[in-house]
Amino acid sequence: MKLGQADIETKLSEIVDWSTDDNKWIVRKYRFTEFLQGIAFVNKVARLAEANNHHPMIAIDYKTVTLRLTSWHAGGLTELDFSTAAQFDEAFAEMKVAH
């Protein structure tokens with residue numbers, strides 16, 4: 001179910017470094033010290049996305065990986081976007097890289 005503005009703001013306060021884009025997407029940039037760290041992270045993201053059947057838009061710009069999430073079927077942001085974002089953050093934290 002698509003979240004309303006108040007729910008989006010509450011959910012955003014629960015995840016670090018994510019922002020909204022027109023309240024239709026949540027977006028975060030992850031920075032790495034080496035290019036291959038970013039690629040390893042993208043592979044973790046891909047496995048999580050497959051397990052959740054919820055796939056982000058991914059942009060790789062040298063040592064920066066940008067993830068964007070939305071729920072197409074709901075026409076905006078849902079609980080699944082925020083729970084998936086939290087999983088991506090956990091995968092990032094497990095990599096123990098410089099932020």
# chains A, B, ... in the order shown; residues from 1 in each chain; ligands from 1
$ residues_around --residues "Asp89 of chain A" --least-positions-apart "2" --cutoff "12 Å" --atoms "only C-alpha atoms" --output "JSON, numbers by chain"
{"A": [14, 15, 16, 17, 18, 27, 28, 29, 30, 41, 42, 44, 45, 48, 67, 82, 83, 84, 85, 86, 87, 91, 92, 93, 94, 95, 96, 99]}
$ residues_around --residues "His55 of chain A" --least-positions-apart "3" --cutoff "12 Å" --atoms "only C-alpha atoms" --output "VMD selection string"
chain A and resid 42 45 to 52 58 67 to 72 80 to 81 84 to 85 88
$ select_by_dssp --residues "chain A" --states "strand (DSSP E)" --output "NGL selection string"
:A and (19-21 or 25-31 or 57-61 or 64-69)
$ closest_residue --among "A:Asp21, A:Tyr62, A:Met57, A:Ile26" --to "Ile39 of chain A" --atoms "only C-alpha atoms"
A:Tyr62
$ select_by_dssp --residues "segment 19-73 of chain A" --states "alpha helix (DSSP H)" --output "ChimeraX atom specification"
/A:35-52
$ atom_distance --atom1 "atom CA of Lys24 of chain A" --atom2 "atom CA of Glu79 of chain A"
12.6 Å
$ atom_distance --atom1 "atom CA of Pro56 of chain A" --atom2 "atom CA of Lys11 of chain A"
17.6 Å
$ closest_residue --among "A:Asp22, A:Glu90, A:Asp61, A:Glu9" --to "Glu34 of chain A" --atoms "only C-alpha atoms"
A:Asp61
$ closest_residue --among "A:Asn43, A:Asn23, A:Thr66, A:Gln37" --to "Gly4 of chain A" --atoms "only C-alpha atoms"
A:Asn23
$ residues_around --residues "Ala74 of chain A" --least-positions-apart "4" --cutoff "10 Å" --atoms "only C-alpha atoms" --output "VMD selection string"
chain A and resid 1 to 3 70 78
$ write_last_selection --atoms "N, CA, C and O atoms" --output "PDB file, in the first residue's frame"
ATOM      1  N   MET A   1       0.836  -1.177   0.000  1.00  0.00           N
ATOM      2  CA  MET A   1       0.000   0.000   0.000  1.00  0.00           C
ATOM      3  C   MET A   1       0.888   1.251   0.000  1.00  0.00           C
ATOM      4  O   MET A   1       1.849   1.336   0.760  1.00  0.00           O
ATOM      5  N   LYS A   2       0.557   2.202  -0.821  1.00  0.00           N
ATOM      6  CA  LYS A   2       1.306   3.442  -0.935  1.00  0.00           C
ATOM      7  C   LYS A   2       1.219   4.232   0.371  1.00  0.00           C
ATOM      8  O   LYS A   2       0.150   4.365   0.956  1.00  0.00           O
ATOM      9  N   LEU A   3       2.387   4.737   0.814  1.00  0.00           N
ATOM     10  CA  LEU A   3       2.444   5.511   2.052  1.00  0.00           C
ATOM     11  C   LEU A   3       2.090   6.970   1.809  1.00  0.00           C
ATOM     12  O   LEU A   3       2.400   7.531   0.755  1.00  0.00           O
ATOM     13  N   THR A  70      11.480   2.575  -5.461  1.00  0.00           N
ATOM     14  CA  THR A  70      10.069   2.937  -5.470  1.00  0.00           C
ATOM     15  C   THR A  70       9.284   1.646  -5.680  1.00  0.00           C
ATOM     16  O   THR A  70       9.850   0.619  -6.045  1.00  0.00           O
ATOM     17  N   THR A  78       6.351   2.507  -0.513  1.00  0.00           N
ATOM     18  CA  THR A  78       5.657   1.577   0.376  1.00  0.00           C
ATOM     19  C   THR A  78       6.608   1.150   1.492  1.00  0.00           C
ATOM     20  O   THR A  78       7.803   1.453   1.453  1.00  0.00           O
TER      21      THR A  78
END
$ atom_distance --atom1 "atom CA of Gln5 of chain A" --atom2 "atom CA of Trp25 of chain A"
12.3 Å
$ decode --residues "segment 66-81 of chain A" --atoms "all heavy atoms" --output "PDB file, in the first residue's frame"
ATOM      1  N   THR A  66      24.786   4.741  -6.389  1.00  0.00           N
ATOM      2  CA  THR A  66      23.524   5.386  -6.030  1.00  0.00           C
ATOM      3  C   THR A  66      22.399   4.378  -6.216  1.00  0.00           C
ATOM      4  O   THR A  66      22.284   3.749  -7.270  1.00  0.00           O
ATOM      5  CB  THR A  66      23.265   6.623  -6.912  1.00  0.00           C
ATOM      6  OG1 THR A  66      24.383   7.510  -6.804  1.00  0.00           O
ATOM      7  CG2 THR A  66      21.993   7.342  -6.488  1.00  0.00           C
ATOM      8  N   LEU A  67      21.589   4.234  -5.171  1.00  0.00           N
ATOM      9  CA  LEU A  67      20.419   3.356  -5.227  1.00  0.00           C
ATOM     10  C   LEU A  67      19.159   4.200  -5.128  1.00  0.00           C
ATOM     11  O   LEU A  67      19.090   5.147  -4.335  1.00  0.00           O
ATOM     12  CB  LEU A  67      20.447   2.351  -4.076  1.00  0.00           C
ATOM     13  CG  LEU A  67      21.653   1.421  -4.004  1.00  0.00           C
ATOM     14  CD1 LEU A  67      21.518   0.476  -2.810  1.00  0.00           C
ATOM     15  CD2 LEU A  67      21.819   0.637  -5.288  1.00  0.00           C
ATOM     16  N   ARG A  68      18.167   3.844  -5.941  1.00  0.00           N
ATOM     17  CA  ARG A  68      16.858   4.507  -5.940  1.00  0.00           C
ATOM     18  C   ARG A  68      15.789   3.421  -5.854  1.00  0.00           C
ATOM     19  O   ARG A  68      15.829   2.461  -6.613  1.00  0.00           O
ATOM     20  CB  ARG A  68      16.666   5.323  -7.215  1.00  0.00           C
ATOM     21  CG  ARG A  68      17.635   6.476  -7.340  1.00  0.00           C
ATOM     22  CD  ARG A  68      17.614   7.122  -8.732  1.00  0.00           C
ATOM     23  NE  ARG A  68      16.292   7.399  -9.251  1.00  0.00           N
ATOM     24  CZ  ARG A  68      15.638   8.555  -9.084  1.00  0.00           C
ATOM     25  NH1 ARG A  68      16.164   9.535  -8.401  1.00  0.00           N
ATOM     26  NH2 ARG A  68      14.442   8.718  -9.614  1.00  0.00           N
ATOM     27  N   LEU A  69      14.855   3.607  -4.944  1.00  0.00           N
ATOM     28  CA  LEU A  69      13.779   2.638  -4.749  1.00  0.00           C
ATOM     29  C   LEU A  69      12.412   3.303  -4.864  1.00  0.00           C
ATOM     30  O   LEU A  69      12.220   4.432  -4.402  1.00  0.00           O
ATOM     31  CB  LEU A  69      13.870   2.015  -3.353  1.00  0.00           C
ATOM     32  CG  LEU A  69      14.920   0.934  -3.137  1.00  0.00           C
ATOM     33  CD1 LEU A  69      15.171   0.737  -1.654  1.00  0.00           C
ATOM     34  CD2 LEU A  69      14.476  -0.353  -3.795  1.00  0.00           C
ATOM     35  N   THR A  70      11.480   2.575  -5.461  1.00  0.00           N
ATOM     36  CA  THR A  70      10.069   2.937  -5.470  1.00  0.00           C
ATOM     37  C   THR A  70       9.284   1.646  -5.680  1.00  0.00           C
ATOM     38  O   THR A  70       9.850   0.619  -6.045  1.00  0.00           O
ATOM     39  CB  THR A  70       9.732   3.963  -6.569  1.00  0.00           C
ATOM     40  OG1 THR A  70       8.423   4.491  -6.319  1.00  0.00           O
ATOM     41  CG2 THR A  70       9.797   3.375  -7.955  1.00  0.00           C
ATOM     42  N   SER A  71       8.011   1.690  -5.428  1.00  0.00           N
ATOM     43  CA  SER A  71       7.135   0.532  -5.669  1.00  0.00           C
ATOM     44  C   SER A  71       6.221   0.871  -6.832  1.00  0.00           C
ATOM     45  O   SER A  71       5.220   1.573  -6.668  1.00  0.00           O
ATOM     46  CB  SER A  71       6.318   0.198  -4.418  1.00  0.00           C
ATOM     47  OG  SER A  71       7.166  -0.265  -3.394  1.00  0.00           O
ATOM     48  N   TRP A  72       6.589   0.388  -8.003  1.00  0.00           N
ATOM     49  CA  TRP A  72       5.841   0.702  -9.227  1.00  0.00           C
ATOM     50  C   TRP A  72       4.377   0.313  -9.124  1.00  0.00           C
ATOM     51  O   TRP A  72       3.495   1.078  -9.515  1.00  0.00           O
ATOM     52  CB  TRP A  72       6.471  -0.010 -10.434  1.00  0.00           C
ATOM     53  CG  TRP A  72       7.850   0.466 -10.724  1.00  0.00           C
ATOM     54  CD1 TRP A  72       9.025  -0.188 -10.441  1.00  0.00           C
ATOM     55  CD2 TRP A  72       8.225   1.699 -11.335  1.00  0.00           C
ATOM     56  NE1 TRP A  72      10.102   0.563 -10.836  1.00  0.00           N
ATOM     57  CE2 TRP A  72       9.632   1.735 -11.403  1.00  0.00           C
ATOM     58  CE3 TRP A  72       7.516   2.779 -11.835  1.00  0.00           C
ATOM     59  CZ2 TRP A  72      10.340   2.795 -11.942  1.00  0.00           C
ATOM     60  CZ3 TRP A  72       8.223   3.839 -12.376  1.00  0.00           C
ATOM     61  CH2 TRP A  72       9.610   3.841 -12.428  1.00  0.00           C
ATOM     62  N   HIS A  73       4.109  -0.881  -8.585  1.00  0.00           N
ATOM     63  CA  HIS A  73       2.729  -1.376  -8.520  1.00  0.00           C
ATOM     64  C   HIS A  73       1.837  -0.517  -7.629  1.00  0.00           C
ATOM     65  O   HIS A  73       0.630  -0.477  -7.824  1.00  0.00           O
ATOM     66  CB  HIS A  73       2.710  -2.838  -8.051  1.00  0.00           C
ATOM     67  CG  HIS A  73       3.173  -3.012  -6.637  1.00  0.00           C
ATOM     68  ND1 HIS A  73       4.515  -3.075  -6.316  1.00  0.00           N
ATOM     69  CD2 HIS A  73       2.491  -3.100  -5.480  1.00  0.00           C
ATOM     70  CE1 HIS A  73       4.630  -3.215  -4.996  1.00  0.00           C
ATOM     71  NE2 HIS A  73       3.422  -3.228  -4.471  1.00  0.00           N
ATOM     72  N   ALA A  74       2.450   0.183  -6.652  1.00  0.00           N
ATOM     73  CA  ALA A  74       1.669   1.032  -5.744  1.00  0.00           C
ATOM     74  C   ALA A  74       1.650   2.489  -6.194  1.00  0.00           C
ATOM     75  O   ALA A  74       0.920   3.298  -5.634  1.00  0.00           O
ATOM     76  CB  ALA A  74       2.233   0.939  -4.329  1.00  0.00           C
ATOM     77  N   GLY A  75       2.464   2.822  -7.169  1.00  0.00           N
ATOM     78  CA  GLY A  75       2.517   4.195  -7.649  1.00  0.00           C
ATOM     79  C   GLY A  75       3.246   5.140  -6.713  1.00  0.00           C
ATOM     80  O   GLY A  75       2.982   6.340  -6.710  1.00  0.00           O
ATOM     81  N   GLY A  76       4.168   4.608  -5.923  1.00  0.00           N
ATOM     82  CA  GLY A  76       4.929   5.451  -4.993  1.00  0.00           C
ATOM     83  C   GLY A  76       5.646   4.604  -3.962  1.00  0.00           C
ATOM     84  O   GLY A  76       5.933   3.430  -4.185  1.00  0.00           O
ATOM     85  N   LEU A  77       5.922   5.195  -2.825  1.00  0.00           N
ATOM     86  CA  LEU A  77       6.688   4.521  -1.779  1.00  0.00           C
ATOM     87  C   LEU A  77       5.804   3.672  -0.882  1.00  0.00           C
ATOM     88  O   LEU A  77       4.691   4.059  -0.538  1.00  0.00           O
ATOM     89  CB  LEU A  77       7.430   5.563  -0.938  1.00  0.00           C
ATOM     90  CG  LEU A  77       8.513   6.330  -1.700  1.00  0.00           C
ATOM     91  CD1 LEU A  77       8.979   7.549  -0.921  1.00  0.00           C
ATOM     92  CD2 LEU A  77       9.673   5.413  -2.032  1.00  0.00           C
ATOM     93  N   THR A  78       6.351   2.507  -0.513  1.00  0.00           N
ATOM     94  CA  THR A  78       5.657   1.577   0.376  1.00  0.00           C
ATOM     95  C   THR A  78       6.608   1.150   1.492  1.00  0.00           C
ATOM     96  O   THR A  78       7.803   1.453   1.453  1.00  0.00           O
ATOM     97  CB  THR A  78       5.175   0.318  -0.369  1.00  0.00           C
ATOM     98  OG1 THR A  78       6.327  -0.432  -0.788  1.00  0.00           O
ATOM     99  CG2 THR A  78       4.290   0.663  -1.562  1.00  0.00           C
ATOM    100  N   GLU A  79       6.074   0.413   2.430  1.00  0.00           N
ATOM    101  CA  GLU A  79       6.889  -0.150   3.514  1.00  0.00           C
ATOM    102  C   GLU A  79       8.042  -0.973   2.943  1.00  0.00           C
ATOM    103  O   GLU A  79       9.159  -0.954   3.479  1.00  0.00           O
ATOM    104  CB  GLU A  79       6.004  -1.019   4.422  1.00  0.00           C
ATOM    105  CG  GLU A  79       6.756  -1.755   5.497  1.00  0.00           C
ATOM    106  CD  GLU A  79       7.404  -0.850   6.537  1.00  0.00           C
ATOM    107  OE1 GLU A  79       6.790   0.171   6.905  1.00  0.00           O
ATOM    108  OE2 GLU A  79       8.532  -1.165   6.960  1.00  0.00           O
ATOM    109  N   LEU A  80       7.807  -1.686   1.858  1.00  0.00           N
ATOM    110  CA  LEU A  80       8.836  -2.528   1.249  1.00  0.00           C
ATOM    111  C   LEU A  80      10.055  -1.714   0.823  1.00  0.00           C
ATOM    112  O   LEU A  80      11.193  -2.175   0.961  1.00  0.00           O
ATOM    113  CB  LEU A  80       8.257  -3.298   0.058  1.00  0.00           C
ATOM    114  CG  LEU A  80       9.206  -4.264  -0.658  1.00  0.00           C
ATOM    115  CD1 LEU A  80       9.757  -5.327   0.308  1.00  0.00           C
ATOM    116  CD2 LEU A  80       8.485  -4.924  -1.827  1.00  0.00           C
ATOM    117  N   ASP A  81       9.853  -0.509   0.334  1.00  0.00           N
ATOM    118  CA  ASP A  81      10.982   0.340  -0.053  1.00  0.00           C
ATOM    119  C   ASP A  81      11.882   0.627   1.145  1.00  0.00           C
ATOM    120  O   ASP A  81      13.107   0.530   1.059  1.00  0.00           O
ATOM    121  CB  ASP A  81      10.493   1.655  -0.662  1.00  0.00           C
ATOM    122  CG  ASP A  81       9.716   1.428  -1.940  1.00  0.00           C
ATOM    123  OD1 ASP A  81      10.286   0.838  -2.878  1.00  0.00           O
ATOM    124  OD2 ASP A  81       8.541   1.824  -1.994  1.00  0.00           O
TER     125      ASP A  81
END
